[in-house]
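Below is the file structure_39.csv, which contains CSV, C-alpha atoms.
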chain,number,residue,atom,x,y,z
A,1,MET,CA,-24.7,-16.1,-27.3
A,2,ASN,CA,-23.3,-13.1,-29.1
A,3,ALA,CA,-19.7,-11.6,-29.0
A,4,ASP,CA,-20.6,-9.2,-26.2
A,5,ASP,CA,-21.9,-12.0,-24.1
A,6,ILE,CA,-18.7,-14.0,-24.7
A,7,LEU,CA,-16.4,-11.1,-23.9
A,8,GLY,CA,-18.5,-10.4,-20.7
A,9,GLN,CA,-18.1,-14.1,-19.7
A,10,ILE,CA,-14.3,-13.8,-20.3
A,11,ARG,CA,-14.2,-10.7,-18.1
A,12,LEU,CA,-16.1,-12.4,-15.3
A,13,MET,CA,-13.8,-15.5,-15.4
A,14,LEU,CA,-10.7,-13.3,-15.3
A,15,ASN,CA,-12.2,-11.0,-12.7
A,16,LEU,CA,-11.7,-8.0,-14.9
A,17,PRO,CA,-13.9,-4.9,-14.7
A,18,VAL,CA,-16.7,-4.5,-17.2
A,19,PRO,CA,-16.1,-1.3,-19.1
A,20,GLU,CA,-19.7,-0.2,-20.0
A,21,GLY,CA,-21.3,1.8,-17.2
A,22,GLN,CA,-18.7,0.7,-14.7
A,23,GLU,CA,-15.6,2.8,-15.6
A,24,GLN,CA,-15.8,4.7,-12.3
A,25,GLN,CA,-16.0,1.4,-10.4
A,26,ALA,CA,-13.1,-0.1,-12.4
A,27,GLY,CA,-11.0,3.1,-11.7
A,28,ALA,CA,-11.8,2.9,-8.0
A,29,ASP,CA,-10.9,-0.8,-7.8
A,30,LYS,CA,-7.6,-0.1,-9.5
A,31,ALA,CA,-6.9,2.8,-7.2
A,32,ALA,CA,-7.8,0.7,-4.2
A,33,SER,CA,-5.5,-2.1,-5.5
A,34,ASN,CA,-2.7,0.3,-6.0
A,35,VAL,CA,-3.1,1.6,-2.4
A,36,LEU,CA,-3.1,-1.9,-1.0
A,37,LEU,CA,0.0,-2.9,-3.1
A,38,ALA,CA,1.8,0.3,-1.8
A,39,GLU,CA,0.9,-0.6,1.8
A,40,LEU,CA,2.1,-4.1,1.3
A,41,SER,CA,5.4,-2.8,-0.1
A,42,VAL,CA,5.9,-0.7,3.0
A,43,GLY,CA,5.1,-3.7,5.2
A,44,VAL,CA,7.5,-5.9,3.3
A,45,ARG,CA,10.3,-3.3,3.6
A,46,GLU,CA,9.6,-3.0,7.4
A,47,LEU,CA,9.6,-6.8,7.7
A,48,ARG,CA,12.9,-7.0,5.8
A,49,ARG,CA,14.4,-4.3,8.1
A,50,ARG,CA,13.2,-6.0,11.3
A,51,ALA,CA,14.3,-9.5,10.1
A,52,SER,CA,17.8,-8.2,9.7
A,53,ARG,CA,17.8,-7.3,13.4
A,54,VAL,CA,16.4,-10.6,14.7
A,55,GLY,CA,19.0,-12.5,16.9
A,56,LEU,CA,21.2,-9.5,17.3
A,57,VAL,CA,22.0,-8.2,20.8
A,58,PRO,CA,20.3,-4.8,21.3
A,59,GLU,CA,22.6,-1.9,22.0
A,60,GLY,CA,22.4,0.8,24.7
A,61,TYR,CA,21.7,-1.4,27.8
A,62,PRO,CA,23.7,-1.1,31.0
A,63,LEU,CA,26.9,-3.1,31.0
A,64,PRO,CA,25.7,-6.0,33.3
A,65,ILE,CA,22.6,-6.6,31.2
A,66,ASP,CA,24.5,-6.2,28.0
A,67,LEU,CA,27.0,-8.9,29.2
A,68,ILE,CA,24.2,-11.3,30.2
A,69,MET,CA,22.5,-10.8,26.8
A,70,LYS,CA,25.7,-11.4,24.9
A,71,ALA,CA,26.4,-14.5,27.0
A,72,ILE,CA,22.9,-15.9,26.3
A,73,HIS,CA,23.3,-15.1,22.6
A,74,ARG,CA,26.6,-17.0,22.5
A,75,LEU,CA,25.4,-20.0,24.6
A,76,LEU,CA,22.4,-20.6,22.4
A,77,PRO,CA,23.6,-20.3,18.8
A,78,TRP,CA,21.4,-23.2,17.7
A,79,TYR,CA,18.4,-21.3,18.9
A,80,THR,CA,19.2,-17.8,17.7
A,81,ARG,CA,20.4,-19.0,14.3
A,82,SER,CA,17.1,-20.8,13.6
A,83,ILE,CA,15.1,-17.7,14.6
A,84,GLN,CA,17.3,-15.6,12.4
A,85,ALA,CA,16.8,-18.0,9.5
A,86,HIS,CA,13.1,-18.1,10.0
A,87,ALA,CA,12.8,-14.3,10.1
A,88,GLN,CA,14.9,-14.1,6.9
A,89,GLN,CA,12.8,-16.7,5.2
A,90,ALA,CA,9.6,-14.9,6.2
A,91,ALA,CA,10.9,-11.7,4.7
A,92,ASP,CA,12.0,-13.5,1.5
A,93,SER,CA,8.6,-15.1,1.1
A,94,ALA,CA,6.8,-11.8,1.7
A,95,GLU,CA,9.0,-10.1,-1.0
A,96,THR,CA,8.3,-13.0,-3.4
A,97,MET,CA,4.5,-12.7,-2.9
A,98,LEU,CA,4.7,-9.0,-3.4
A,99,LEU,CA,6.5,-9.4,-6.7
A,100,CYS,CA,3.9,-12.0,-7.8
A,101,LEU,CA,1.1,-9.6,-6.9
A,102,HIS,CA,2.7,-6.9,-9.0
A,103,ALA,CA,3.1,-9.3,-11.9
A,104,ILE,CA,-0.5,-10.4,-11.6
A,105,ALA,CA,-1.7,-6.8,-11.5
A,106,GLN,CA,0.3,-5.9,-14.7
A,107,SER,CA,-1.0,-9.0,-16.4
A,108,GLN,CA,-4.6,-8.1,-15.6
A,109,GLU,CA,-4.1,-4.6,-17.0
A,110,ARG,CA,-2.7,-6.1,-20.3
A,111,ILE,CA,-5.6,-8.5,-20.5
A,112,ALA,CA,-8.1,-5.8,-19.9
A,113,GLU,CA,-6.5,-3.6,-22.5
A,114,ARG,CA,-6.6,-6.4,-25.1
A,115,LEU,CA,-10.2,-7.2,-24.3
A,116,ASP,CA,-11.1,-3.5,-24.7
A,117,ARG,CA,-9.4,-3.6,-28.1
A,118,LEU,CA,-11.3,-6.7,-29.0
A,119,GLU,CA,-14.6,-5.2,-27.9
A,120,ARG,CA,-14.0,-2.1,-30.0
A,121,GLU,CA,-13.0,-4.2,-33.0
A,122,THR,CA,-16.1,-6.4,-32.5
A,123,ARG,CA,-18.4,-3.4,-32.4
A,124,ARG,CA,-16.7,-1.8,-35.4
A,125,THR,CA,-17.0,-4.9,-37.5
A,126,ALA,CA,-20.6,-5.6,-36.3
A,127,LYS,CA,-21.5,-2.1,-37.6
A,128,ALA,CA,-19.7,-2.7,-40.8
A,129,GLY,CA,-21.1,-6.2,-41.2
A,130,SER,CA,-17.8,-8.0,-41.7
A,131,PRO,CA,-16.1,-10.6,-39.4
A,132,PRO,CA,-13.3,-9.4,-37.0
A,133,GLN,CA,-9.7,-9.8,-38.0
A,134,GLN,CA,-7.5,-12.3,-36.3
A,135,GLN,CA,-4.6,-10.9,-34.3
Can you dump the structure from the file as C-alpha coordinates?
Amino acid sequence: MNADDILGQIRLMLNLPVPEGQEQQAGADKAASNVLLAELSVGVRELRRRASRVGLVPEGYPLPIDLIMKAIHRLLPWYTRSIQAHAQQAADSAETMLLCLHAIAQSQERIAERLDRLERETRRTAKAGSPPQQQ
(Lines of atoms letter the chains of each structure in order from A and count residues from 1; the text may use other names and numbers.)
(Lines give C-alpha, C1' and ligand atoms only; values in the text may rest on other atoms or scores of the structure.)
Protein backbone atom coordinates (compact mmCIF):
# COMPACT_ATOMS: atom_id res chain seq x y z
CA MET A 1 0.00 0.00 0.00
CA ASN A 2 1.52 3.33 -1.06
CA ALA A 3 1.00 6.83 0.35
CA ASP A 4 -1.80 7.66 -2.11
CA ASP A 5 -3.70 4.52 -1.08
CA ILE A 6 -3.35 5.42 2.60
CA LEU A 7 -4.53 8.99 2.03
CA GLY A 8 -7.43 7.67 -0.07
CA GLN A 9 -8.44 5.33 2.76
CA ILE A 10 -8.28 8.19 5.26
CA ARG A 11 -10.51 10.30 2.99
CA LEU A 12 -13.01 7.44 2.71
CA MET A 13 -13.10 6.87 6.47
CA LEU A 14 -13.62 10.58 7.14
CA ASN A 15 -16.16 10.88 4.30
CA LEU A 16 -14.07 13.57 2.62
CA PRO A 17 -14.11 14.24 -1.12
CA VAL A 18 -11.33 12.74 -3.22
CA PRO A 19 -9.57 15.60 -5.03
CA GLU A 20 -8.37 13.94 -8.25
CA GLY A 21 -11.04 13.95 -10.94
CA GLN A 22 -13.78 14.77 -8.48
CA GLU A 23 -13.24 18.46 -7.77
CA GLN A 24 -16.57 19.34 -9.37
CA GLN A 25 -18.39 16.72 -7.29
CA ALA A 26 -16.71 17.94 -4.11
CA GLY A 27 -17.72 21.53 -4.93
CA ALA A 28 -21.28 20.44 -5.64
CA ASP A 29 -21.40 18.46 -2.39
CA LYS A 30 -20.10 21.45 -0.43
CA ALA A 31 -22.63 23.77 -2.11
CA ALA A 32 -25.46 21.33 -1.36
CA SER A 33 -24.32 21.08 2.26
CA ASN A 34 -24.21 24.87 2.55
CA VAL A 35 -27.74 25.13 1.15
CA LEU A 36 -29.00 22.50 3.58
CA LEU A 37 -27.31 24.23 6.53
CA ALA A 38 -28.84 27.56 5.47
CA GLU A 39 -32.30 25.96 5.21
CA LEU A 40 -31.83 24.35 8.60
CA SER A 41 -30.81 27.72 10.06
CA VAL A 42 -34.02 29.27 8.74
CA GLY A 43 -36.03 26.37 10.17
CA VAL A 44 -34.40 26.71 13.57
CA ARG A 45 -35.09 30.46 13.66
CA GLU A 46 -38.74 29.79 12.77
CA LEU A 47 -38.96 27.08 15.43
CA ARG A 48 -37.49 29.48 18.00
CA ARG A 49 -40.00 32.20 16.98
CA ARG A 50 -42.96 29.84 17.18
CA ALA A 51 -41.76 28.29 20.44
CA SER A 52 -41.86 31.73 22.05
CA ARG A 53 -45.57 31.96 21.17
CA VAL A 54 -46.59 28.53 22.54
CA GLY A 55 -48.93 28.80 25.49
CA LEU A 56 -49.76 32.47 24.92
CA VAL A 57 -53.34 33.48 24.37
CA PRO A 58 -53.74 34.65 20.75
CA GLU A 59 -54.83 38.24 20.22
CA GLY A 60 -57.52 39.67 18.01
CA TYR A 61 -60.44 37.37 18.88
CA PRO A 62 -63.88 38.67 19.88
CA LEU A 63 -64.14 39.53 23.58
CA PRO A 64 -66.21 36.47 24.68
CA ILE A 65 -63.82 34.02 23.00
CA ASP A 66 -60.83 35.96 24.32
CA LEU A 67 -62.19 35.72 27.90
CA ILE A 68 -62.78 31.97 27.54
CA MET A 69 -59.24 31.40 26.21
CA LYS A 70 -57.73 33.46 29.04
CA ALA A 71 -59.80 31.54 31.61
CA ILE A 72 -58.66 28.19 30.20
CA HIS A 73 -55.08 29.42 30.12
CA ARG A 74 -55.24 30.44 33.78
CA LEU A 75 -57.10 27.31 34.91
CA LEU A 76 -54.57 24.94 33.32
CA PRO A 77 -51.11 26.36 34.16
CA TRP A 78 -49.74 22.88 34.84
CA TYR A 79 -50.65 21.95 31.26
CA THR A 80 -49.66 25.10 29.40
CA ARG A 81 -46.34 25.49 31.25
CA SER A 82 -45.24 21.98 30.35
CA ILE A 83 -46.12 22.63 26.69
CA GLN A 84 -44.17 25.89 26.80
CA ALA A 85 -41.19 24.13 28.38
CA HIS A 86 -41.32 21.39 25.74
CA ALA A 87 -41.44 23.90 22.89
CA GLN A 88 -38.50 25.82 24.38
CA GLN A 89 -36.49 22.61 24.85
CA ALA A 90 -37.19 21.55 21.25
CA ALA A 91 -35.98 24.92 19.97
CA ASP A 92 -32.87 24.77 22.20
CA SER A 93 -32.07 21.24 20.99
CA ALA A 94 -32.48 22.19 17.34
CA GLU A 95 -30.19 25.19 17.84
CA THR A 96 -27.56 23.02 19.52
CA MET A 97 -27.72 20.48 16.68
CA LEU A 98 -27.29 23.27 14.14
CA LEU A 99 -24.20 24.58 15.97
CA CYS A 100 -22.78 21.04 16.03
CA LEU A 101 -23.38 20.60 12.30
CA HIS A 102 -21.63 23.90 11.58
CA ALA A 103 -18.67 22.82 13.73
CA ILE A 104 -18.50 19.45 11.96
CA ALA A 105 -18.56 21.12 8.54
CA GLN A 106 -15.73 23.47 9.54
CA SER A 107 -13.73 20.58 10.97
CA GLN A 108 -14.17 18.57 7.76
CA GLU A 109 -12.95 21.53 5.73
CA ARG A 110 -9.84 21.86 7.90
CA ILE A 111 -9.16 18.11 7.63
CA ALA A 112 -9.63 18.20 3.86
CA GLU A 113 -7.21 21.14 3.57
CA ARG A 114 -4.62 19.33 5.69
CA LEU A 115 -4.98 16.15 3.64
CA ASP A 116 -4.56 18.17 0.46
CA ARG A 117 -1.34 19.66 1.86
CA LEU A 118 -0.11 16.19 2.83
CA GLU A 119 -0.91 14.85 -0.63
CA ARG A 120 0.99 17.68 -2.29
CA GLU A 121 3.93 17.16 0.07
CA THR A 122 3.89 13.39 -0.58
CA ARG A 123 3.88 13.89 -4.34
CA ARG A 124 6.62 16.52 -4.15
CA THR A 125 8.85 14.32 -1.98
CA ALA A 126 8.11 11.23 -4.09
CA LYS A 127 9.36 13.10 -7.15
CA ALA A 128 12.43 14.30 -5.26
CA GLY A 129 13.06 10.87 -3.73
CA SER A 130 13.18 12.04 -0.10
CA PRO A 131 10.80 11.15 2.77
CA PRO A 132 8.07 13.69 3.74
CA GLN A 133 8.74 16.07 6.62
CA GLN A 134 6.81 15.71 9.88
CA GLN A 135 4.44 18.56 10.76
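You will find CA of Asp92 (chain A) at 27.8 Å from CA of Asp29 (chain A).
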Just the residues within 8 Å of Ala94 (chain A), please, counting all atoms listed in the file, with nothing from its chain fewer than 4 positions along; format it as a PDB file with C-alpha atoms, keeping the file's coordinate frame.
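Result file follows (part_28.pdb):
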ATOM      1  CA  VAL A  44       7.500  -5.900   3.300  1.00  0.00           C
ATOM      2  CA  ALA A  90       9.600 -14.900   6.200  1.00  0.00           C
ATOM      3  CA  LEU A  98       4.700  -9.000  -3.400  1.00  0.00           C
TER       4      LEU A  98
END
So how far away is CA of Leu47 (chain A) from CA of Leu67 (chain A), in Å?
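These two atoms are separated by 27.7 Å.
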Pairwise distance for CA of Glu46 (chain A) and CA of Leu101 (chain A), rounded to one decimal in Å:
17.9 Å
Do you know which residues are at most 6 Å from Arg48 (chain A) counting only C-alpha atoms, after dropping those on the same chain fewer than 3 positions away, and could you put them as a PyMOL selection string?
chain A and resi 45+51+91
Which neighbours of region 68-81 of chain A fall inside 10 Å, counting only C-alpha atoms, when residues of the same chain fewer than 6 positions from it are skipped, and could you give them as a count of residues only?
7
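Considering the residues A:Ser52, A:Met13, A:Gly8, A:Val35 and counting only C-alpha atoms, His86 (chain A) has its shortest atom-to-atom contact with A:Ser52.
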Reconstructed region 34-53 of chain A, atom set N, CA and C atoms, as a CSV table (one decimal), keeping the file's coordinate frame:
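The result, stored in part.csv:
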chain,number,residue,atom,x,y,z
A,34,ASN,N,-4.0,-0.4,-6.0
A,34,ASN,CA,-2.7,0.3,-6.0
A,34,ASN,C,-2.3,0.7,-4.6
A,35,VAL,N,-3.3,1.2,-3.8
A,35,VAL,CA,-3.1,1.6,-2.4
A,35,VAL,C,-2.7,0.4,-1.6
A,36,LEU,N,-3.4,-0.7,-1.8
A,36,LEU,CA,-3.1,-1.9,-1.0
A,36,LEU,C,-1.7,-2.5,-1.4
A,37,LEU,N,-1.3,-2.4,-2.7
A,37,LEU,CA,0.0,-2.9,-3.1
A,37,LEU,C,1.1,-2.0,-2.5
A,38,ALA,N,0.8,-0.7,-2.4
A,38,ALA,CA,1.8,0.3,-1.8
A,38,ALA,C,1.9,0.0,-0.3
A,39,GLU,N,0.8,-0.2,0.4
A,39,GLU,CA,0.9,-0.6,1.8
A,39,GLU,C,1.6,-1.9,2.0
A,40,LEU,N,1.4,-2.8,1.2
A,40,LEU,CA,2.1,-4.1,1.3
A,40,LEU,C,3.6,-3.9,1.1
A,41,SER,N,3.9,-3.1,0.1
A,41,SER,CA,5.4,-2.8,-0.1
A,41,SER,C,6.0,-2.2,1.1
A,42,VAL,N,5.3,-1.3,1.7
A,42,VAL,CA,5.9,-0.7,3.0
A,42,VAL,C,6.0,-1.8,4.0
A,43,GLY,N,5.0,-2.6,4.2
A,43,GLY,CA,5.1,-3.7,5.2
A,43,GLY,C,6.2,-4.7,4.9
A,44,VAL,N,6.4,-5.0,3.7
A,44,VAL,CA,7.5,-5.9,3.3
A,44,VAL,C,8.9,-5.3,3.6
A,45,ARG,N,9.0,-4.0,3.3
A,45,ARG,CA,10.3,-3.3,3.6
A,45,ARG,C,10.5,-3.3,5.1
A,46,GLU,N,9.5,-3.1,5.9
A,46,GLU,CA,9.6,-3.0,7.4
A,46,GLU,C,9.9,-4.4,7.9
A,47,LEU,N,9.3,-5.5,7.3
A,47,LEU,CA,9.6,-6.8,7.7
A,47,LEU,C,11.0,-7.2,7.4
A,48,ARG,N,11.5,-6.8,6.2
A,48,ARG,CA,12.9,-7.0,5.8
A,48,ARG,C,13.9,-6.3,6.8
A,49,ARG,N,13.6,-5.1,7.2
A,49,ARG,CA,14.4,-4.3,8.1
A,49,ARG,C,14.4,-5.0,9.5
A,50,ARG,N,13.3,-5.4,10.0
A,50,ARG,CA,13.2,-6.0,11.3
A,50,ARG,C,13.8,-7.4,11.3
A,51,ALA,N,13.7,-8.1,10.2
A,51,ALA,CA,14.3,-9.5,10.1
A,51,ALA,C,15.8,-9.4,10.2
A,52,SER,N,16.4,-8.3,9.7
A,52,SER,CA,17.8,-8.2,9.7
A,52,SER,C,18.3,-8.0,11.2
A,53,ARG,N,17.4,-7.5,12.1
A,53,ARG,CA,17.8,-7.3,13.4
A,53,ARG,C,17.5,-8.5,14.4
